[in-house]
Amino acid sequence: MEYGIFVHDVAPLPRDPRAVCAASWREILPPGTLRAIYFGSEFCEFLLPDAVQVARYCVHARDAGVEAVLMTPVATPNGLVRIKKLLSNLTAAGDTPAIVFNDWGVASLLRESFPALERRAGRLINRGIRDPRLMEKEPLSNNSGERGKRLRTMLAGFGVSALETDPDLEGGFLGDGCEGMQRVLYLPYAFAASSRNCLIKADSALTIDECFTKGLNSPCSGLCRGESHRIDRSDTDLPLWRAGNTVFFEVPKSRAEVYLAQADRIVIYERPTP
Amino acid sequence: MKILAPLRHSDEVVPLLEAGADEFFCGLTPPDWQARFGQAWANRRAPQSAGVPDSADFEQIVACAEGRPVYVALNAPGYPSGAVEILASFGADLLSGGAAGLIVADTDLLLALVEAGHGSYLHLSSLATCSNNEAAKFYRDLGIRRIILPRHLTLNEIESIVIPDLEFETFLLNDGCVFEEGLCATTHAAGSFCTMDGEGDEAVSPETRERYAFWKWTLNHCGCRTGNDYPMGPCGLCAIPRLLRAGIASFKVVGREASLPRKEASVRIAALALRLAREGAGPEEIRQAVIDLRGSPQMCAERHLCYYPDLWEQKESLCSRG
């Protein structure tokens, strides 16, 4: 098994990547070597780093002898422009991180305009159910590998090098590896729901006219960067967090173990991160 | 430039045609689905409360529609192993049986139907979250016919996403969604996850929580209220002129599970707004016509129900500059 760690800043990397997560998780994670650092944002275009920040992460990865992986989110038209500009600046400067895409528009942009950058399919390409209210109730699935087969074939045909996901209810999304893509599992948090109608963004708004639907045109300064907080709900016993525009939960270990059997790489998040 | 109306039974077709519907969508679950796949749904809404009862009633719907297109939603965001083959075959049968198209979200099902030669009958569900023009090109290259845009887009964004050689559909009336529907990985089979969201979240200020609760209330039809029997939920009627100019082909009235009276009222007011827009009316004139029917002018004045509130931002800034 190899590992990646999602990082929030340039800081020393642990010798054992499992050190990033809680002891209870270390017990079920196999030993392995750190091979990559992940950074960027999967859920919010306002949280994308700029080219200078990405360059710092790339230098950090190079110094540590690991791969640099930039995560990109679902993109609005403005978001897509921002991503294109970021990638142009990076390639012009000679920084070539692998790119995780979570949007078919970003995938097309990468294929057509930045073919030299390694492309990895992110967790939002998997739209399977991850309902925290059902995660402990529904039976574990058979992981037959049939699920998502056409999608994986198409991705491999597009030159995508890896398929990445958090554990969902159905299992089997990563397949048996026959398409030749690396299979990557995110732990220990899965996302439950995400939105542009961000509660945290609204919390910094001055008037109701900058909140939710009315605030879609308003910029966001990304005050949530690196932050998350626990939320409690009476309809699930699983621990939940709000991080920026997304609600996450800690995946039950039994469900993570089903997916572990399919994974070539585990990416560990120290805390829930949009 | 069509009004797309929701259906759950053949009895609804004629009244909705009379109210002004130009085309229809419904949900239908393959026989024996539940025995094989349990709680997993074949489309995004509950089969019991929002679905057409069976294939016989679907045939009746097609007959009653008198040539108007009827689309069938097979738009769950993802499916269990083994389901895609069954749904691809079921979808082919529906097309043979008179369905004008299939509404699909899951990429694997989409690819299976494209492989089977049905690409030109496919509508991409809003659940697939096509939110930029490069994504639209990606789907166009797969050969699909129509993209249903996600709810939470501004008018500028919609204008930027629309590309040639594809039809586009936007939300027009009813049934908001707190999260981005395509990025909500929960299922209504376990109840609406968003209903409780934000409650007791002490990291968020009480004022913001109160605003959030109010906004959610508007998305839920102001607590399921009506104004003069017209629905009091999310509404994009005043934006029709601009959406028409952007090239939107179809306007979606949401709510398959709603009562027939609510559906009729929704289609009637939508058809009125579309007629006014075709006759050259602007947003203000349409808004006044809507208020005359629905009442509650304050909800319009303060943009609480707007799917596309940015319509008025531009006008307000022009006014303030003038």
# chains A, B, ... in the order shown; residues from 1 in each chain; ligands from 1
>>> residues_around(residues="Val184 of chain A", least_positions_apart="6", cutoff="7 Å", atoms="only C-alpha atoms", output="PyMOL selection string")
chain A and resi 163-165+263-266
>>> residues_around(residues="Asp9 of chain A", least_positions_apart="6", cutoff="10 Å", atoms="only C-alpha atoms", output="PyMOL selection string")
chain A and resi 39+53+56-57+60+226
>>> write_last_selection(atoms="C-alpha atoms", output="PDB file, in the first residue's frame")
ATOM      1  CA  PHE A  39      -3.618  20.121  -1.657  1.00  0.00           C
ATOM      2  CA  GLN A  53       1.055  28.648  -3.160  1.00  0.00           C
ATOM      3  CA  ARG A  56       5.461  26.090  -2.720  1.00  0.00           C
ATOM      4  CA  TYR A  57       3.653  22.770  -2.369  1.00  0.00           C
ATOM      5  CA  HIS A  60       7.829  20.822  -0.694  1.00  0.00           C
ATOM      6  CA  GLY A 226      -8.398  24.887   7.142  1.00  0.00           C
TER       7      GLY A 226
END
>>> interface_residues(of="chain A", to="chain B", cutoff="8 Å", atoms="only C-alpha atoms", output="JSON, numbers by chain")
{"A": [74, 75, 76, 77, 80, 103, 104, 105, 106, 108, 109, 124, 126, 127, 128, 129, 130, 131, 132, 133, 134, 143, 144, 145, 146, 147, 148, 149, 150, 151, 170, 172, 191, 192, 193, 194, 195, 196, 197, 199, 200, 202, 203, 208, 212, 213, 214, 216, 217, 229, 231, 232, 233]}
>>> select_by_dssp(residues="segment 58-193 of chain A", states="helix (DSSP H, G or I)", output="VMD selection string")
chain A and resid 58 to 64 77 to 92 104 to 113 123 to 125 149 to 157
>>> residues_around(residues="Tyr38 of chain A", least_positions_apart="4", cutoff="12 Å", atoms="only C-alpha atoms", output="PyMOL selection string")
chain A and resi 3-10+34+42+54+57-58+60-61+66-72+97-100+120+122+186+266-270+273
>>> select_by_dssp(residues="segment 12-139 of chain A", states="strand (DSSP E)", output="PyMOL selection string")
chain A and resi 33-40+67-71+98-101+119-121
>>> closest_residue(among="A:Phe158, A:Leu140, A:Arg152, A:Asp16", to="Leu110 of chain A", atoms="only C-alpha atoms")
A:Phe158
>>> residues_around(residues="Ala289 of chain B", least_positions_apart="6", cutoff="12 Å", atoms="only C-alpha atoms", output="PyMOL selection string")
chain B and resi 237-238+269-277+281-283+295+297+300
>>> write_last_selection(atoms="N, CA and C atoms", output="CSV table (one decimal), in the first residue's frame")
chain,number,residue,atom,x,y,z
B,237,LEU,N,-40.1,33.0,-12.9
B,237,LEU,CA,-41.0,33.4,-14.0
B,237,LEU,C,-40.5,34.7,-14.6
B,238,CYS,N,-40.0,35.7,-13.8
B,238,CYS,CA,-39.6,37.0,-14.3
B,238,CYS,C,-38.4,36.9,-15.2
B,269,ILE,N,-49.7,29.4,-14.4
B,269,ILE,CA,-48.9,30.7,-14.2
B,269,ILE,C,-47.7,30.7,-15.0
B,270,ALA,N,-47.0,29.5,-15.2
B,270,ALA,CA,-45.8,29.4,-16.0
B,270,ALA,C,-46.2,29.7,-17.4
B,271,ALA,N,-47.3,29.2,-17.9
B,271,ALA,CA,-47.7,29.4,-19.3
B,271,ALA,C,-48.0,30.8,-19.6
B,272,LEU,N,-48.7,31.4,-18.6
B,272,LEU,CA,-49.0,32.9,-18.7
B,272,LEU,C,-47.7,33.7,-18.8
B,273,ALA,N,-46.8,33.4,-18.0
B,273,ALA,CA,-45.5,34.2,-18.0
B,273,ALA,C,-44.8,34.0,-19.3
B,274,LEU,N,-44.8,32.7,-19.8
B,274,LEU,CA,-44.1,32.5,-21.1
B,274,LEU,C,-44.9,33.2,-22.2
B,275,ARG,N,-46.2,33.2,-22.2
B,275,ARG,CA,-46.9,33.9,-23.2
B,275,ARG,C,-46.6,35.4,-23.2
B,276,LEU,N,-46.6,36.0,-22.0
B,276,LEU,CA,-46.3,37.4,-21.9
B,276,LEU,C,-44.8,37.7,-22.4
B,277,ALA,N,-43.9,36.8,-22.1
B,277,ALA,CA,-42.5,37.0,-22.5
B,277,ALA,C,-42.5,36.9,-24.1
B,281,ALA,N,-43.2,41.1,-23.2
B,281,ALA,CA,-43.2,41.7,-21.8
B,281,ALA,C,-41.8,41.5,-21.2
B,282,GLY,N,-41.4,42.5,-20.3
B,282,GLY,CA,-40.2,42.4,-19.6
B,282,GLY,C,-40.4,41.8,-18.2
B,283,PRO,N,-39.4,41.7,-17.4
B,283,PRO,CA,-39.5,41.2,-16.1
B,283,PRO,C,-40.5,41.9,-15.2
B,295,GLY,N,-50.5,37.1,-5.4
B,295,GLY,CA,-50.4,37.9,-4.2
B,295,GLY,C,-49.0,37.9,-3.6
B,297,PRO,N,-46.9,40.4,-2.6
B,297,PRO,CA,-46.0,41.2,-3.3
B,297,PRO,C,-44.6,41.4,-2.6
B,300,CYS,N,-42.0,38.9,-3.6
B,300,CYS,CA,-41.3,39.3,-4.9
B,300,CYS,C,-40.4,40.5,-4.7
>>> residues_around(residues="Ser204 of chain A", least_positions_apart="6", cutoff="12 Å", atoms="only C-alpha atoms", output="ChimeraX atom specification")
/A:198,210-212,215,218-224,244 /B:204-205,207-208
>>> atom_distance(atom1="atom CA of Glu118 of chain A", atom2="atom CA of Asp95 of chain A")
11.9 Å
>>> residues_around(residues="segment 15-28 of chain B", least_positions_apart="4", cutoff="7 Å", atoms="only C-alpha atoms", output="tab-separated table (two decimals) with C-alpha atoms, in the first residue's frame")
chain	number	residue	atom	x	y	z
B	2	LYS	CA	-41.76	24.91	-23.77
B	3	ILE	CA	-43.31	24.46	-20.38
B	4	LEU	CA	-42.29	21.06	-19.00
B	5	ALA	CA	-44.79	19.65	-16.51
B	6	PRO	CA	-44.44	16.89	-13.93
B	7	LEU	CA	-46.67	13.81	-13.91
B	8	ARG	CA	-47.32	10.87	-11.69
B	43	ASN	CA	-34.82	7.76	-10.09
B	51	GLY	CA	-43.65	7.67	-9.63
B	52	VAL	CA	-46.10	6.53	-12.28
B	54	ASP	CA	-46.83	0.97	-13.78
B	68	ARG	CA	-46.57	15.99	-26.81
B	69	PRO	CA	-43.20	14.64	-25.63
B	70	VAL	CA	-43.14	12.55	-22.45
B	71	TYR	CA	-39.73	12.06	-20.83
B	72	VAL	CA	-38.95	9.46	-18.20
B	73	ALA	CA	-36.53	10.10	-15.35
B	74	LEU	CA	-34.02	7.34	-14.63
B	256	ARG	CA	-43.96	15.10	-9.57
B	264	GLU	CA	-52.28	22.84	-12.64
B	267	VAL	CA	-48.36	25.20	-15.18
B	268	ARG	CA	-51.04	27.86	-15.66
B	271	ALA	CA	-47.68	29.36	-19.31
>>> residues_around(residues="Leu122 of chain B", least_positions_apart="4", cutoff="7 Å", atoms="only C-alpha atoms", output="list in words")
Gly101, Leu102, Ile103, Val104, His118, Ile144, Arg145 and Arg146 of chain B
>>> write_last_selection(atoms="N, CA and C atoms", output="PDB file, in the first residue's frame")
ATOM      1  N   GLY B 101     -37.878  10.640 -24.526  1.00  0.00           N
ATOM      2  CA  GLY B 101     -36.511  10.766 -24.054  1.00  0.00           C
ATOM      3  C   GLY B 101     -36.374  10.219 -22.645  1.00  0.00           C
ATOM      4  N   LEU B 102     -35.121  10.075 -22.214  1.00  0.00           N
ATOM      5  CA  LEU B 102     -34.821   9.578 -20.872  1.00  0.00           C
ATOM      6  C   LEU B 102     -33.953  10.598 -20.155  1.00  0.00           C
ATOM      7  N   ILE B 103     -34.282  10.846 -18.899  1.00  0.00           N
ATOM      8  CA  ILE B 103     -33.518  11.803 -18.094  1.00  0.00           C
ATOM      9  C   ILE B 103     -32.562  11.001 -17.217  1.00  0.00           C
ATOM     10  N   VAL B 104     -31.270  11.219 -17.410  1.00  0.00           N
ATOM     11  CA  VAL B 104     -30.267  10.345 -16.797  1.00  0.00           C
ATOM     12  C   VAL B 104     -29.211  11.192 -16.086  1.00  0.00           C
ATOM     13  N   HIS B 118     -28.901   5.298 -28.159  1.00  0.00           N
ATOM     14  CA  HIS B 118     -30.000   6.165 -27.725  1.00  0.00           C
ATOM     15  C   HIS B 118     -29.544   7.572 -27.332  1.00  0.00           C
ATOM     16  N   ILE B 144     -25.619  13.482 -26.485  1.00  0.00           N
ATOM     17  CA  ILE B 144     -26.927  13.645 -25.845  1.00  0.00           C
ATOM     18  C   ILE B 144     -27.673  14.841 -26.447  1.00  0.00           C
ATOM     19  N   ARG B 145     -28.969  14.919 -26.145  1.00  0.00           N
ATOM     20  CA  ARG B 145     -29.773  15.969 -26.765  1.00  0.00           C
ATOM     21  C   ARG B 145     -29.934  17.209 -25.885  1.00  0.00           C
ATOM     22  N   ARG B 146     -30.148  16.991 -24.582  1.00  0.00           N
ATOM     23  CA  ARG B 146     -30.512  18.135 -23.734  1.00  0.00           C
ATOM     24  C   ARG B 146     -29.758  18.095 -22.401  1.00  0.00           C
TER      25      ARG B 146
END
>>> atom_distance(atom1="atom CA of Leu113 of chain B", atom2="atom CA of Leu142 of chain B")
10.5 Å
